[in-house]
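File shown: my_file38.txt. Contents: compact mmCIF, C-alpha atoms.
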```txt
# COMPACT_ATOMS: atom_id res chain seq x y z
CA MET A 1315 27.98 2.26 -54.21
CA SER A 1316 30.05 5.39 -54.16
CA GLN A 1317 33.20 3.43 -53.61
CA VAL A 1318 36.60 4.22 -54.97
CA GLU A 1319 38.06 1.28 -56.89
CA ILE A 1320 40.67 -0.49 -54.82
CA THR A 1321 44.10 0.20 -56.21
CA ALA A 1322 46.41 -1.03 -53.48
CA VAL A 1323 48.77 -2.85 -55.78
CA GLU A 1324 49.56 0.18 -57.89
CA ARG A 1325 50.28 2.34 -54.86
CA GLU A 1326 53.87 2.39 -53.67
CA VAL A 1327 54.64 0.94 -50.27
CA PRO A 1328 56.91 3.43 -48.45
CA GLY A 1329 60.59 2.53 -48.49
CA ILE A 1330 62.30 0.54 -45.77
CA PHE A 1331 63.78 3.66 -44.25
CA SER A 1332 60.36 4.99 -43.31
CA GLY A 1333 59.52 1.62 -41.75
CA LEU A 1334 62.69 1.81 -39.68
CA VAL A 1335 62.00 5.37 -38.58
CA ALA A 1336 58.35 4.64 -37.78
CA THR A 1337 59.09 1.67 -35.50
CA THR A 1338 61.92 3.50 -33.75
CA ARG A 1339 59.72 6.54 -33.23
CA ARG A 1340 56.83 4.51 -31.88
CA ASP A 1341 59.01 2.63 -29.39
CA LEU A 1342 60.70 5.83 -28.23
CA LEU A 1343 57.28 7.38 -27.74
CA LEU A 1344 56.17 4.34 -25.72
CA ALA A 1345 59.33 4.54 -23.61
CA TRP A 1346 58.66 8.23 -23.02
CA LYS A 1347 55.17 7.44 -21.78
CA ARG A 1348 56.37 4.67 -19.48
CA PRO A 1349 59.66 6.01 -18.09
CA GLY A 1350 59.78 3.28 -15.42
CA ASP A 1351 60.78 0.67 -17.97
CA VAL A 1352 63.79 2.76 -18.96
CA LEU A 1353 64.78 3.87 -15.47
CA ASN A 1354 64.65 0.44 -13.78
CA PRO A 1355 67.70 -1.08 -15.54
CA LEU A 1356 69.55 2.20 -15.20
CA PHE A 1357 68.84 2.28 -11.49
CA PHE A 1358 70.04 -1.31 -11.20
CA PHE A 1359 73.29 -0.37 -12.97
CA ALA A 1360 73.84 2.57 -10.65
CA MET A 1361 73.07 0.50 -7.55
CA VAL A 1362 75.49 -2.32 -8.35
CA CYS A 1363 78.25 0.16 -9.18
CA THR A 1364 77.81 2.17 -6.00
CA LEU A 1365 77.28 -0.76 -3.64
CA PHE A 1366 80.38 -2.63 -4.74
CA PRO A 1367 82.93 -0.14 -3.32
CA LEU A 1368 81.00 -0.12 -0.05
CA ALA A 1369 81.30 -3.89 0.19
CA VAL A 1370 84.98 -4.30 -0.75
CA GLY A 1371 86.22 -1.35 1.24
CA PRO A 1372 87.79 1.98 0.33
CA SER A 1373 91.28 0.76 -0.63
CA ALA A 1374 92.20 2.85 -3.65
CA GLU A 1375 94.33 0.18 -5.23
CA GLN A 1376 91.60 -2.42 -5.10
CA LEU A 1377 88.97 -0.06 -6.53
CA GLU A 1378 91.16 1.02 -9.41
CA PHE A 1379 91.86 -2.60 -10.19
CA SER A 1380 88.24 -3.80 -10.10
CA GLY A 1381 86.50 -0.72 -11.57
CA PRO A 1382 86.43 -1.68 -15.27
CA GLY A 1383 85.25 -5.20 -14.51
CA VAL A 1384 82.48 -4.17 -12.14
CA LEU A 1385 81.16 -1.45 -14.46
CA TRP A 1386 81.11 -3.83 -17.38
CA VAL A 1387 79.44 -6.70 -15.54
CA ALA A 1388 76.81 -4.31 -14.20
CA ALA A 1389 76.21 -2.94 -17.70
CA LEU A 1390 75.80 -6.44 -19.12
CA LEU A 1391 73.37 -7.52 -16.41
CA SER A 1392 71.34 -4.33 -16.67
CA THR A 1393 71.01 -4.79 -20.44
CA LEU A 1394 69.86 -8.38 -19.90
CA LEU A 1395 67.28 -7.08 -17.46
CA SER A 1396 65.77 -4.73 -20.00
CA LEU A 1397 65.84 -7.17 -22.91
CA ASN A 1398 63.02 -9.31 -21.63
CA SER A 1399 60.44 -6.66 -22.40
CA LEU A 1400 61.68 -5.97 -25.94
CA PHE A 1401 58.93 -7.93 -27.68
CA LEU A 1402 56.75 -8.89 -24.72
CA SER A 1403 54.19 -6.10 -24.84
CA ASP A 1404 53.95 -6.38 -28.63
CA TYR A 1405 53.28 -10.08 -28.21
CA GLU A 1406 50.62 -9.52 -25.60
CA ASP A 1407 48.61 -6.80 -27.33
CA GLY A 1408 48.78 -8.32 -30.80
CA SER A 1409 51.03 -5.65 -32.34
CA LEU A 1410 53.55 -8.38 -33.09
CA ASP A 1411 51.03 -10.05 -35.41
CA GLN A 1412 50.51 -6.73 -37.12
CA LEU A 1413 54.28 -6.42 -37.63
CA LEU A 1414 54.40 -9.96 -39.02
CA VAL A 1415 51.77 -9.19 -41.67
CA SER A 1416 53.13 -5.74 -42.41
CA PRO A 1417 54.14 -4.95 -45.99
CA GLN A 1418 57.51 -3.85 -44.65
CA PRO A 1419 60.29 -6.45 -44.33
CA LEU A 1420 60.32 -7.82 -40.78
CA PRO A 1421 64.11 -7.51 -40.22
CA VAL A 1422 63.83 -3.76 -40.84
CA LEU A 1423 61.04 -3.35 -38.30
CA VAL A 1424 63.01 -5.48 -35.86
CA LEU A 1425 66.06 -3.28 -36.40
CA GLY A 1426 63.91 -0.23 -35.65
CA LYS A 1427 62.76 -1.76 -32.39
CA THR A 1428 66.31 -2.75 -31.44
CA LEU A 1429 67.56 0.72 -32.23
CA ALA A 1430 64.93 2.20 -29.92
CA HIS A 1431 65.95 -0.33 -27.26
CA TRP A 1432 69.58 0.70 -27.52
CA LEU A 1433 68.70 4.40 -27.38
CA THR A 1434 66.70 3.83 -24.19
CA SER A 1435 68.93 1.26 -22.46
CA GLY A 1436 72.48 1.27 -23.85
CA LEU A 1437 72.95 4.96 -24.45
CA PRO A 1438 71.78 6.08 -20.96
CA LEU A 1439 74.31 3.62 -19.47
CA VAL A 1440 77.07 5.28 -21.48
CA PHE A 1441 76.15 8.68 -20.11
CA VAL A 1442 75.69 7.59 -16.50
CA SER A 1443 78.93 5.59 -16.35
CA PRO A 1444 81.34 8.58 -15.93
CA ILE A 1445 79.60 9.57 -12.69
CA LEU A 1446 79.97 6.06 -11.36
CA ALA A 1447 83.54 5.73 -12.62
CA VAL A 1448 84.53 8.47 -10.20
CA THR A 1449 83.80 6.07 -7.34
CA TYR A 1450 86.52 3.82 -8.70
CA ARG A 1451 89.05 6.65 -9.03
CA MET A 1452 89.18 6.23 -12.77
CA PRO A 1453 91.21 8.97 -14.52
CA MET A 1454 89.41 11.09 -17.12
CA SER A 1455 91.33 9.61 -20.06
CA VAL A 1456 90.22 6.10 -19.10
CA VAL A 1457 86.63 7.24 -18.61
CA GLY A 1458 86.53 8.23 -22.29
CA VAL A 1459 87.73 4.78 -23.32
CA MET A 1460 85.14 3.17 -21.07
CA MET A 1461 82.32 5.22 -22.56
CA LEU A 1462 83.42 4.25 -26.05
CA THR A 1463 83.60 0.53 -25.20
CA LEU A 1464 80.22 0.68 -23.48
CA ALA A 1465 78.65 2.41 -26.47
CA LEU A 1466 80.01 -0.16 -28.93
CA GLY A 1467 79.37 -3.09 -26.60
CA THR A 1468 75.77 -2.25 -25.79
CA ILE A 1469 74.98 -2.01 -29.53
CA SER A 1470 76.02 -5.66 -29.85
CA LEU A 1471 74.20 -6.61 -26.66
CA SER A 1472 70.91 -5.02 -27.81
CA LEU A 1473 71.12 -6.69 -31.20
CA LEU A 1474 72.15 -10.13 -29.98
CA GLY A 1475 69.78 -9.95 -27.04
CA GLY A 1476 66.99 -9.30 -29.51
CA ILE A 1477 67.47 -12.83 -30.87
CA GLY A 1478 67.07 -14.29 -27.40
CA ALA A 1479 64.12 -12.06 -26.61
CA ALA A 1480 62.42 -13.12 -29.84
CA LEU A 1481 62.99 -16.82 -29.12
CA THR A 1482 61.61 -16.63 -25.58
CA VAL A 1483 58.74 -14.22 -26.19
CA GLY A 1484 56.08 -16.92 -26.25
CA LEU A 1485 57.26 -18.50 -23.01
CA HIS A 1486 56.09 -17.32 -19.67
CA ARG A 1487 58.89 -16.04 -17.49
CA GLY A 1488 61.53 -16.60 -20.10
CA THR A 1489 64.07 -14.29 -18.45
CA ALA A 1490 66.37 -17.02 -17.12
CA LEU A 1491 66.32 -18.86 -20.43
CA LEU A 1492 66.93 -15.63 -22.30
CA SER A 1493 70.04 -14.94 -20.22
CA LEU A 1494 71.34 -18.46 -20.76
CA LEU A 1495 70.77 -18.20 -24.49
CA ILE A 1496 72.58 -14.97 -25.08
CA LEU A 1497 75.37 -15.19 -22.50
CA PRO A 1498 77.67 -17.17 -24.83
CA LEU A 1499 77.20 -14.48 -27.47
CA ALA A 1500 77.59 -11.65 -24.97
CA MET A 1501 80.75 -13.06 -23.36
CA PRO A 1502 83.19 -11.72 -26.01
CA VAL A 1503 81.68 -8.25 -25.59
CA LEU A 1504 82.28 -8.37 -21.84
CA LEU A 1505 85.84 -9.67 -22.19
CA LEU A 1506 86.83 -7.19 -24.89
CA GLY A 1507 85.16 -4.25 -23.19
CA ALA A 1508 86.47 -4.79 -19.68
CA ASN A 1509 89.90 -5.71 -20.98
CA ALA A 1510 90.24 -2.60 -23.15
CA VAL A 1511 89.36 -0.38 -20.19
CA ALA A 1512 91.81 -2.21 -17.92
CA LEU A 1513 94.56 -1.83 -20.52
CA ALA A 1514 93.84 1.89 -20.87
CA ALA A 1515 94.09 2.23 -17.09
CA ASN A 1516 97.58 0.68 -17.22
CA ASN A 1517 98.61 3.05 -20.04
CA ASP A 1518 98.81 0.08 -22.38
CA VAL A 1519 97.70 -0.23 -26.01
CA TYR A 1520 93.93 -0.65 -25.92
CA THR A 1521 92.88 0.18 -29.50
CA THR A 1522 92.83 -3.48 -30.58
CA GLY A 1523 89.99 -4.11 -28.17
CA ILE A 1524 88.05 -1.12 -29.50
CA TRP A 1525 88.42 -2.30 -33.08
CA ALA A 1526 87.36 -5.81 -32.14
CA LEU A 1527 84.29 -4.44 -30.34
CA ALA A 1528 83.42 -2.32 -33.36
CA ALA A 1529 83.79 -5.34 -35.63
CA TYR A 1530 81.55 -7.36 -33.32
CA ALA A 1531 78.96 -4.58 -33.38
CA ILE A 1532 79.01 -4.40 -37.18
CA GLY A 1533 78.74 -8.18 -37.41
CA SER A 1534 75.72 -8.21 -35.10
CA LEU A 1535 74.18 -5.29 -36.95
CA SER A 1536 74.27 -7.13 -40.23
CA LEU A 1537 73.19 -10.58 -39.00
CA ALA A 1538 71.08 -10.20 -35.86
CA PRO A 1539 68.00 -8.54 -37.43
CA TYR A 1540 67.52 -11.52 -39.76
CA ALA A 1541 67.94 -14.02 -36.95
CA THR A 1542 65.56 -12.05 -34.73
CA ALA A 1543 62.94 -11.85 -37.48
CA ALA A 1544 63.17 -15.60 -38.07
CA ALA A 1545 62.93 -16.26 -34.33
CA LEU A 1546 59.84 -14.04 -34.07
CA ARG A 1547 58.14 -15.98 -36.84
CA ILE A 1548 58.85 -19.24 -35.01
CA SER A 1549 57.73 -17.90 -31.64
CA SER A 1550 54.42 -16.59 -32.88
CA GLU A 1551 53.41 -19.83 -34.60
CA MET B 881 41.58 -4.98 -60.78
CA THR B 882 40.46 -8.39 -59.64
CA HIS B 883 42.34 -10.64 -57.31
CA LYS B 884 42.18 -14.25 -56.37
CA LEU B 885 42.96 -16.00 -53.12
CA SER B 886 42.98 -19.76 -52.92
CA GLY B 887 44.23 -22.59 -50.79
CA ASP B 888 44.88 -26.06 -52.02
CA ASN B 889 44.88 -29.28 -50.01
CA LEU B 890 45.69 -27.59 -46.71
CA THR B 891 46.58 -29.67 -43.68
CA LEU B 892 47.41 -28.22 -40.32
CA ILE B 893 48.69 -30.11 -37.30
CA ARG B 894 49.06 -28.40 -33.93
CA GLY B 895 50.88 -30.50 -31.38
CA GLU B 896 49.33 -33.95 -31.56
CA ARG B 897 46.06 -32.81 -33.08
CA CYS B 898 45.23 -32.58 -36.73
CA LEU B 899 42.97 -29.53 -37.08
CA PHE B 900 42.03 -30.03 -40.70
CA GLU B 901 43.18 -32.15 -43.58
CA GLY B 902 42.96 -31.70 -47.33
CA LEU B 903 41.01 -28.44 -47.05
CA SER B 904 40.69 -26.32 -50.19
CA PHE B 905 39.02 -23.00 -50.90
CA ALA B 906 38.96 -20.31 -53.54
CA LEU B 907 37.89 -16.70 -53.31
CA GLU B 908 37.63 -13.95 -55.89
CA SER B 909 37.12 -10.21 -55.77
CA GLY B 910 33.69 -9.24 -54.55
CA LYS B 911 33.17 -12.43 -52.55
CA LEU B 912 33.04 -13.35 -48.92
CA LEU B 913 34.40 -16.51 -47.34
CA ILE B 914 32.98 -17.50 -43.98
CA LEU B 915 34.79 -20.04 -41.83
CA GLU B 916 32.45 -21.99 -39.61
CA GLY B 917 32.99 -24.47 -36.86
CA ARG B 918 32.81 -24.87 -33.11
CA ASN B 919 35.25 -23.22 -30.72
CA GLY B 920 38.79 -24.48 -30.98
CA CYS B 921 38.28 -26.21 -34.31
CA GLY B 922 40.99 -24.24 -36.06
CA LYS B 923 39.25 -21.21 -37.58
CA THR B 924 41.83 -18.81 -36.22
CA SER B 925 44.66 -21.17 -37.12
CA LEU B 926 43.46 -21.31 -40.71
CA MET B 927 43.26 -17.52 -40.81
CA ARG B 928 46.79 -17.25 -39.40
CA ALA B 929 47.98 -19.78 -41.97
CA ILE B 930 46.42 -17.68 -44.74
CA ALA B 931 48.18 -14.59 -43.40
CA GLY B 932 51.46 -16.52 -43.40
CA MET B 933 51.89 -16.61 -39.64
CA LEU B 934 51.53 -20.40 -39.33
CA SER B 935 53.27 -22.94 -41.49
CA LEU B 936 51.09 -25.64 -43.00
CA GLU B 937 51.84 -29.33 -42.99
CA THR B 938 50.76 -29.72 -46.60
CA GLY B 939 49.28 -27.46 -49.24
CA GLN B 940 49.82 -23.87 -50.22
CA ILE B 941 48.05 -20.55 -50.22
CA TYR B 942 47.96 -18.74 -53.53
CA TRP B 943 47.46 -15.03 -54.19
CA ASP B 944 46.68 -14.29 -57.82
CA ASP B 945 47.76 -17.88 -58.60
CA THR B 946 51.29 -17.36 -57.25
CA PRO B 947 52.29 -19.05 -53.98
CA VAL B 948 52.23 -16.54 -51.14
CA GLU B 949 55.70 -17.59 -49.92
CA LYS B 950 57.21 -16.29 -53.13
CA GLN B 951 55.68 -12.84 -52.84
CA ARG B 952 55.27 -12.27 -49.14
CA GLN B 953 55.61 -8.51 -49.31
CA VAL B 954 53.17 -8.04 -52.18
CA PHE B 955 50.67 -10.26 -50.40
CA HIS B 956 51.10 -8.51 -47.05
CA GLY B 957 50.69 -5.19 -48.83
CA SER B 958 47.29 -6.36 -50.03
CA LEU B 959 45.85 -7.64 -46.78
CA VAL B 960 44.79 -6.37 -43.42
CA TRP B 961 44.49 -8.56 -40.33
CA LEU B 962 41.93 -7.92 -37.65
CA ALA B 963 41.98 -10.36 -34.78
CA HIS B 964 40.81 -10.73 -31.23
CA ARG B 965 43.80 -8.78 -29.92
CA THR B 966 43.60 -5.43 -31.65
CA GLY B 967 47.34 -4.81 -31.97
CA LEU B 968 46.96 -1.22 -30.81
CA LYS B 969 49.16 0.32 -28.15
CA GLY B 970 47.31 1.20 -24.96
CA ASP B 971 49.76 3.96 -24.06
CA LEU B 972 49.44 5.83 -27.34
CA THR B 973 46.57 7.97 -28.53
CA LEU B 974 44.28 6.96 -31.33
CA VAL B 975 46.00 9.28 -33.79
CA GLU B 976 49.48 8.08 -32.80
CA ASN B 977 48.41 4.46 -33.20
CA LEU B 978 46.93 4.94 -36.65
CA GLY B 979 49.78 7.21 -37.70
CA PHE B 980 52.24 4.41 -37.06
CA GLU B 981 50.25 1.96 -39.16
CA GLN B 982 49.96 4.46 -41.97
CA SER B 983 53.68 5.11 -42.18
CA LEU B 984 54.23 1.41 -42.89
CA ARG B 985 51.69 1.23 -45.68
CA ALA B 986 51.09 2.75 -49.06
CA GLN B 987 49.35 6.11 -48.81
CA SER B 988 45.61 5.92 -49.20
CA ASP B 989 43.46 8.71 -50.57
CA ARG B 990 40.65 7.94 -48.15
CA ASP B 991 39.44 10.77 -45.98
CA ILE B 992 40.50 10.04 -42.40
CA GLU B 993 37.99 12.39 -40.81
CA GLU B 994 35.18 10.74 -42.73
CA ILE B 995 36.26 7.32 -41.44
CA TYR B 996 36.42 8.58 -37.84
CA GLU B 997 32.97 10.05 -38.27
CA ARG B 998 31.56 6.88 -39.71
CA LEU B 999 32.88 4.74 -36.88
CA GLY B 1000 31.84 7.26 -34.26
CA ILE B 1001 35.33 7.77 -32.85
CA SER B 1002 36.09 11.35 -33.86
CA ARG B 1003 35.60 12.51 -30.27
CA LEU B 1004 38.23 10.07 -29.00
CA LYS B 1005 41.15 11.19 -31.14
CA LYS B 1006 43.25 12.68 -28.35
CA LEU B 1007 42.61 9.98 -25.78
CA ILE B 1008 45.03 7.17 -25.07
CA LEU B 1009 43.70 3.79 -26.10
CA ARG B 1010 43.87 2.33 -22.60
CA SER B 1011 41.14 4.71 -21.48
CA LEU B 1012 38.71 3.54 -24.17
CA SER B 1013 36.23 0.71 -23.76
CA ALA B 1014 36.83 -2.61 -25.49
CA GLY B 1015 34.18 -1.81 -28.08
CA GLN B 1016 35.68 1.60 -28.80
CA GLN B 1017 39.12 0.03 -29.18
CA ARG B 1018 37.65 -2.38 -31.69
CA ARG B 1019 36.24 0.56 -33.62
CA VAL B 1020 39.74 2.03 -33.77
CA ALA B 1021 40.98 -1.29 -35.14
CA LEU B 1022 38.24 -1.05 -37.76
CA ALA B 1023 39.44 2.45 -38.63
CA ARG B 1024 42.93 1.04 -39.17
CA MET B 1025 41.43 -1.59 -41.46
CA LEU B 1026 39.61 1.02 -43.54
CA LEU B 1027 42.62 3.31 -43.71
CA ALA B 1028 44.82 0.51 -45.03
CA ASP B 1029 42.56 0.48 -48.09
CA VAL B 1030 43.62 -2.97 -49.32
CA PRO B 1031 41.72 -5.66 -51.24
CA LEU B 1032 41.84 -8.52 -48.75
CA TRP B 1033 40.34 -8.33 -45.27
CA LEU B 1034 41.08 -11.14 -42.83
CA LEU B 1035 38.60 -10.75 -40.00
CA ASP B 1036 38.81 -13.09 -37.05
CA GLU B 1037 35.63 -12.69 -35.00
CA PRO B 1038 35.08 -9.07 -36.05
CA PHE B 1039 31.96 -8.69 -33.91
CA THR B 1040 33.66 -9.27 -30.55
CA ASN B 1041 32.91 -6.52 -28.01
CA LEU B 1042 30.74 -4.57 -30.41
CA ASP B 1043 27.18 -3.47 -29.66
CA ARG B 1044 24.28 -4.20 -31.98
CA GLU B 1045 24.86 -0.99 -33.90
CA GLY B 1046 28.57 -1.78 -34.24
CA ARG B 1047 27.82 -5.26 -35.58
CA LYS B 1048 25.51 -3.77 -38.16
CA LEU B 1049 28.19 -1.28 -39.10
CA VAL B 1050 30.76 -4.05 -39.63
CA MET B 1051 28.35 -5.87 -41.91
CA GLU B 1052 27.71 -2.69 -43.88
CA LEU B 1053 31.43 -2.02 -44.20
CA VAL B 1054 32.05 -5.55 -45.46
CA GLU B 1055 29.20 -5.21 -47.94
CA GLU B 1056 30.61 -1.95 -49.30
CA HIS B 1057 34.10 -3.40 -49.43
CA LEU B 1058 32.88 -6.38 -51.46
CA ALA B 1059 30.82 -4.16 -53.73
CA ALA B 1060 33.94 -2.11 -54.45
CA GLY B 1061 35.73 -5.23 -55.59
CA GLY B 1062 37.40 -6.24 -52.34
CA MET B 1063 37.30 -9.63 -50.72
CA CYS B 1064 36.95 -10.85 -47.20
CA VAL B 1065 37.66 -13.96 -45.16
CA MET B 1066 35.75 -14.02 -41.91
CA ALA B 1067 35.64 -16.39 -38.97
CA ALA B 1068 32.41 -15.88 -37.09
CA HIS B 1069 30.16 -17.91 -34.88
CA GLN B 1070 27.34 -15.39 -34.91
CA ASP B 1071 24.87 -15.16 -37.73
CA VAL B 1072 26.22 -12.94 -40.43
CA GLU B 1073 23.71 -11.06 -42.56
CA ILE B 1074 25.69 -9.79 -45.46
CA ASN B 1075 24.26 -9.18 -48.86
CA ALA B 1076 26.99 -10.61 -51.03
CA PRO B 1077 28.06 -13.88 -52.66
CA VAL B 1078 29.09 -16.06 -49.73
CA THR B 1079 31.14 -19.23 -49.67
CA LYS B 1080 31.14 -21.19 -46.45
CA VAL B 1081 33.88 -23.48 -45.29
CA GLN B 1082 32.99 -25.89 -42.54
CA ILE B 1083 35.91 -26.97 -40.41
CA GLN B 1084 35.33 -30.33 -38.72
```

Using structure tokens, write down the structure from this file.
Amino acid sequence: MSQVEITAVEREVPGIFSGLVATTRRDLLLAWKRPGDVLNPLFFFAMVCTLFPLAVGPSAEQLEFSGPGVLWVAALLSTLLSLNSLFLSDYEDGSLDQLLVSPQPLPVLVLGKTLAHWLTSGLPLVFVSPILAVTYRMPMSVVGVMMLTLALGTISLSLLGGIGAALTVGLHRGTALLSLLILPLAMPVLLLGANAVALAANNDVYTTGIWALAAYAIGSLSLAPYATAAALRISSE
Amino acid sequence: MTHKLSGDNLTLIRGERCLFEGLSFALESGKLLILEGRNGCGKTSLMRAIAGMLSLETGQIYWDDTPVEKQRQVFHGSLVWLAHRTGLKGDLTLVENLGFEQSLRAQSDRDIEEIYERLGISRLKKLILRSLSAGQQRRVALARMLLADVPLWLLDEPFTNLDREGRKLVMELVEEHLAAGGMCVMAAHQDVEINAPVTKVQIQ
């Protein structure tokens, strides 16, 4: 009986920040080891954006007009595509249960996972978009605006999509349902984003759209983790 | 420090079926609770309800005489959950997997190397989990349980995939844990030979 007395209650549980960092780090590490999961949605985004000009023809006027819309729709769809797997592997290998009984608050862990999702899905889109914008003859000043709207918009999409992903994680093939669930929440992001870029292309005032997108992102950041955590608890019952 | 886990008048309904009704139990430090019953009778469901992952129709689980719902984080900081699915990531190495778990929990002063040695997994440290056998993966899950160094162990079928030696090891670990003042709830359909005060709950 050379056992140390158990003293778990007296020992401090690490703060929420370390929980956030740990989940983000683990998911980034997993993404690094399975690059296919990150590259697939990105490839989809690039394909839609390059195929569209081929289909509608090379008329400069038409491309300039449709560029912001096409890029934004492609970004939205590609994010939806990657959302399905946000909690799926955790659900299948039992890690989700471990997160549910973790001493760390669940919304914090969820936020960590969502952050990793954004870093591996939203952020790459932002950096790839300028290359694709060239196809639509978008001037450099507008490209900057588009990158900013995409960055802000995909934050909201990752966070809101997390709620849908959490609700559908227990269902087999929940992708269609997931899309239906979060489209109403994602619609404002699409409208604001595409509209701000279109306004910038017409040399109009576009900052209102940017502010609205930022507000939407902050709103999702403060509410979505709680909703996602609650949804995960329901799904894993 | 002694702890107490109890459940009072628990009823659980899944779909149309009532798994158990009016079930009560109490467990103190140094004791083992074994859940018995045939397959599909609700052993795992009861364990999940204790861990707070399933909501009960009636009744409450108490930790140190306070309802678990009111102190979820304290309770989760005092328990470790080992189930059929190990909850380890197949793409990460053993060390990466356990490192993640450790950064979520209070630091333990247990010697990691000693635990690896004991479970016979020190050779596997740099391998990714996917390449290990099911029994080896279960040993890694056991290492996580030991590293957590908490009073309450919830073990759902802990002997799955383990060889005879591994089963004996689990029983020894539980014995030592109980002797050190820990407690353990176990669902098992094999014979358990553990030298400790045992309470059995039969689920109909």

Considering all atoms listed in the file, return as a VMD selection string whatever protein or nucleic-acid residues lie within 10 Å of region 901-903 of chain B, sequence-local ones (same chain, fewer than 3 positions apart) excluded. chain B and resid 887 to 893 898 926 937 to 939 1081 to 1084

As an MDAnalysis selection string, could you give me every residue of chain B near chain A (at most 9 Å apart, counting all atoms listed in the file)? chainID B and resid 881 928 931:935 952:972 976:977 979:981 983:988 990 1028:1031 1056:1057 1059:1062

Which residues are near Ile914 (chain B)? Cut-off 12 Å, all atoms listed in the file, ignore same chain within fewer than 4 positions. Put them as a compact mmCIF listing (two decimals) with C-alpha atoms, in the coordinates of the input.
```txt
# COMPACT_ATOMS: atom_id res chain seq x y z
CA PHE B 905 39.02 -23.00 -50.90
CA ALA B 906 38.96 -20.31 -53.54
CA LEU B 907 37.89 -16.70 -53.31
CA LYS B 923 39.25 -21.21 -37.58
CA THR B 924 41.83 -18.81 -36.22
CA LEU B 926 43.46 -21.31 -40.71
CA MET B 927 43.26 -17.52 -40.81
CA TRP B 1033 40.34 -8.33 -45.27
CA LEU B 1034 41.08 -11.14 -42.83
CA LEU B 1035 38.60 -10.75 -40.00
CA ASP B 1036 38.81 -13.09 -37.05
CA GLU B 1037 35.63 -12.69 -35.00
CA PRO B 1038 35.08 -9.07 -36.05
CA MET B 1063 37.30 -9.63 -50.72
CA CYS B 1064 36.95 -10.85 -47.20
CA VAL B 1065 37.66 -13.96 -45.16
CA MET B 1066 35.75 -14.02 -41.91
CA ALA B 1067 35.64 -16.39 -38.97
CA ALA B 1068 32.41 -15.88 -37.09
CA HIS B 1069 30.16 -17.91 -34.88
CA GLN B 1070 27.34 -15.39 -34.91
CA ASP B 1071 24.87 -15.16 -37.73
CA VAL B 1072 26.22 -12.94 -40.43
CA GLU B 1073 23.71 -11.06 -42.56
CA ILE B 1074 25.69 -9.79 -45.46
CA ALA B 1076 26.99 -10.61 -51.03
CA PRO B 1077 28.06 -13.88 -52.66
CA VAL B 1078 29.09 -16.06 -49.73
CA THR B 1079 31.14 -19.23 -49.67
CA LYS B 1080 31.14 -21.19 -46.45
CA VAL B 1081 33.88 -23.48 -45.29
CA GLN B 1082 32.99 -25.89 -42.54
CA ILE B 1083 35.91 -26.97 -40.41
```

Find the residues around Asp1351 (chain A) up to 12 Å (all atoms listed in the file counted), leave out those fewer than 3 positions away in its own chain, and share them as a list of chain:residue names. A:Asp1341, A:Leu1342, A:Leu1344, A:Ala1345, A:Trp1346, A:Lys1347, A:Arg1348, A:Asn1354, A:Pro1355, A:Leu1356, A:Phe1357, A:Phe1358, A:Ser1392, A:Thr1393, A:Leu1395, A:Ser1396, A:Leu1397, A:Asn1398, A:Ser1399, A:Leu1400, A:Ser1403, A:His1431, A:Thr1434, A:Ser1435

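Residue nearest Ser1472 (chain A) within the list A:Leu1368, A:Val1422, A:Ala1500, A:Val1387: A:Ala1500 [criterion: smallest interatomic distance, only C-alpha atoms].
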
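You will find CA of Ile1008 (chain B) at 26.1 Å from CA of Leu1425 (chain A).
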
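Between CA of Gly920 (chain B) and CA of Ser904 (chain B) there is a distance of 19.4 Å.
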
Distance query Ser1536 (chain A) at most 12 Å, all atoms listed in the file, self and fewer than 6 positions along chain excluded, as a ChimeraX atom specification: /A:1421-1422,1425,1469-1470,1473-1474,1529-1530,1542

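Between CA of Trp943 (chain B) and CA of Ile930 (chain B) the separation is 9.9 Å.
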
Quick one: what's the axis-aligned box for region 1480-1486 of chain A, all listed atoms, 8 Å on every side, centre and edges in Å to one decimal, as lines of an AutoDock Vina configuration file?
```
center_x = 59.5
center_y = -15.8
center_z = -24.8
size_x = 22.9
size_y = 21.4
size_z = 26.2
```

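For the choices A:Pro1382, A:Gly1475, A:Gly1467, A:Pro1349, the atom-to-atom distance to Val1424 (chain A) is smallest for A:Gly1475 when using all atoms listed in the file.
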
Counting all atoms listed in the file, find the residues whose atoms lie at most 12 Å from (34.2, 10.5, -33.4) (file coordinates) and write them out as a VMD selection string. chain B and resid 974 to 975 992 to 1007 1016 1019 to 1020 1023

Keeping only C-alpha atoms, write the selected residues to a file as a compact mmCIF listing (two decimals), in the frame of the given file.
```
# COMPACT_ATOMS: atom_id res chain seq x y z
CA LEU B 974 44.28 6.96 -31.33
CA VAL B 975 46.00 9.28 -33.79
CA ILE B 992 40.50 10.04 -42.40
CA GLU B 993 37.99 12.39 -40.81
CA GLU B 994 35.18 10.74 -42.73
CA ILE B 995 36.26 7.32 -41.44
CA TYR B 996 36.42 8.58 -37.84
CA GLU B 997 32.97 10.05 -38.27
CA ARG B 998 31.56 6.88 -39.71
CA LEU B 999 32.88 4.74 -36.88
CA GLY B 1000 31.84 7.26 -34.26
CA ILE B 1001 35.33 7.77 -32.85
CA SER B 1002 36.09 11.35 -33.86
CA ARG B 1003 35.60 12.51 -30.27
CA LEU B 1004 38.23 10.07 -29.00
CA LYS B 1005 41.15 11.19 -31.14
CA LYS B 1006 43.25 12.68 -28.35
CA LEU B 1007 42.61 9.98 -25.78
CA GLN B 1016 35.68 1.60 -28.80
CA ARG B 1019 36.24 0.56 -33.62
CA VAL B 1020 39.74 2.03 -33.77
CA ALA B 1023 39.44 2.45 -38.63
```
